[in-house]
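Note sheet for the following structure.
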Amino acid sequence: MESGPAVNTSATGAVEGVQNSTLFERAARAGHFVSGLLHILIGYIAIRLAFGQGGNADQSGALAELGSKPGGSIALWIAVVAFLALAIWRIMEAIVGKKSDQDEGSAMDRLKAGALAVVYIAFAWSTFGFAKGSGESSGQQNAGMTARLMENGFGKLVLIVVGLVVIGVGGYHVYKGVSKNFLDDLEGHQSKGVEYLGIAGYAAKGVALIGAGALVIVAVFTSDPSKATGIDGAVKTLGEQPFGQILLILAGIGIGLYGLYAFVLARHAKM
């Protein structure tokens with residue numbers, strides 16, 4: 001019977017073997033490409049909202065938009081596979097570290113990889129719903145869950161914590177953009193164009209996340225779960241402000257630029 005260390009070494013070796021698969025790495029990189037495409041569609045929807053057209057400026061709205069195009073159903077199934085591949089890749093990074101690292105990576109790096117794996121699993125699940133024709137609006141789901149949690153004091157506390165976490169994640173995105181720390185995620189020297197994409201994209205997405213988190217907290221204190229509709233709610237709230245049309249256009253452009261940066265990740269991310 002194999003000892004514990006031997007089993008662990010065998011498991012680590014198996015994971016590293018998968019990481020060395022060129023085909024699997026390409027599938028994982030495709031997850032970045034799909035994420036970029038969805039962010040571009042979210043930006044496009046935000047700009048449409050600025051001109052009085054309908055739509056949900058969030059992942060569900062982007063998936064619905066993608067699914068409505070010719071060949072959209074096939075594209076959605078490809079997106080499911082790509083997101084799952086990227087999620088599995090992040091799980092492997094959480095276990096053995098990045099393939100590109102010379103060492104095993106820090107505990108914080110592994111924790112971040114695990115958190116990203118959860119995010120991409122959620123993306124894959126949401127995309128799966130739209131691929132099989134049963135997708136739902138993220139905003140409606142968020143509002144419904146918020147309403148259920150607001151039925152008791154503990155649930156309200158959970159919502160406040162969630163809102164603060166989302167605000168923190170948004171703040172980190174802004175910091176990562178303005179500090180150019182995102183360049184550490186990329187292989188080799190990058191052009192000024194890539195730098196500008198990353199700065200604008202991370203900042204815009206961060207602001208949207210901060211708005212989404214703030215709306216969750218506002219929903220709790222106003223006892224109005226309809227306010228907690230995620231990024232779509234944050235974008236639409238932006239449009240209700242003075243010069244809202246201009247703000248929506250700028251938000252749409254910024255989120256779209258993040259999508260273009262995700263295309264850079266698909267090609268140059270350290271894996």
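Each chain in the structure tokens gets a letter, A, B, ..., in the order shown, and its residues are numbered from 1; ligands are numbered from 1 in order too.
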
Can you tell me which residues surround Gly55 (chain A) at a distance of at most 12 Å, considering only C-alpha atoms, apart from same-chain residues fewer than 3 positions away, and format the answer as a PyMOL selection string? chain A and resi 41-52+58-65+137-139+232-233+235-236

What lies within 7 Å of region 205-215 of chain A using only C-alpha atoms, ignoring chain neighbours under 4 positions off, as a list in words? Gly163, Leu164, Val166, Ile167, Gly170, Gly171, His173, Val174, Gly201, Ala219, Lys227, Ala228, Gly230, Ile231, Gly233, Ala234, Val235 and Ile255 of chain A

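Across the structure, CA of Gly198 (chain A) and CA of Phe182 (chain A) are spaced 7.0 Å apart.
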
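Between CA of Gly168 (chain A) and CA of Phe33 (chain A) there is a distance of 25.4 Å.
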
Test item: residues at most 12 Å from Trp89 (chain A), only C-alpha atoms, excluding those fewer than 3 positions along its chain, as a count of residues only: 39

Any idea what's packed within 8 Å of Trp77 (chain A), counting only C-alpha atoms, ignoring anything in its chain fewer than 5 positions away? Could you give it as a list of chain:residue names?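 Within the cut-off, the hits are A:Thr127, A:Phe128, A:Ala131.
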
Writing out the chosen residues with N, CA and C atoms as a tab-separated table (two decimals), in the first residue's frame:
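To be explicit, this is the file written out as selection_20.tsv:
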chain	number	residue	atom	x	y	z
A	127	THR	N	-23.36	29.88	-18.34
A	127	THR	CA	-23.34	29.71	-19.80
A	127	THR	C	-24.05	28.43	-20.21
A	128	PHE	N	-23.89	27.38	-19.40
A	128	PHE	CA	-24.57	26.11	-19.66
A	128	PHE	C	-26.08	26.31	-19.69
A	131	ALA	N	-26.94	27.86	-22.94
A	131	ALA	CA	-26.70	26.93	-24.04
A	131	ALA	C	-27.85	25.93	-24.19

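Of the listed residues (A:Leu157, A:Ala79, A:Leu265, A:Ile249), A:Ala79 comes nearest to Gly67 (chain A); the distances count only C-alpha atoms.
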
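The space separating CA of Asn56 (chain A) from CA of Ile74 (chain A) comes to 21.8 Å.
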
Every residue of region 178-216 of chain A that DSSP places in alpha helix (DSSP H), as a count of residues only: 26

Restricting the calculation to only C-alpha atoms, which member of A:Ala269, A:Ala147, A:Val216, A:Leu260 is positioned closest to Leu37 (chain A)?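 That would be A:Leu260, the residue with the smallest distance to Leu37 (chain A).
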
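Candidate residues A:Phe130, A:Phe263, A:Phe154, A:Tyr258 were compared for distance to Tyr196 (chain A), and the nearest is A:Tyr258, using only C-alpha atoms.
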
So which residues touch Gln190 (chain A) within 12 Å, counting only C-alpha atoms, skipping near sequence neighbours fewer than 2 positions away, as a PyMOL selection string? chain A and resi 180+182-188+192-198+261+264-265+267-269
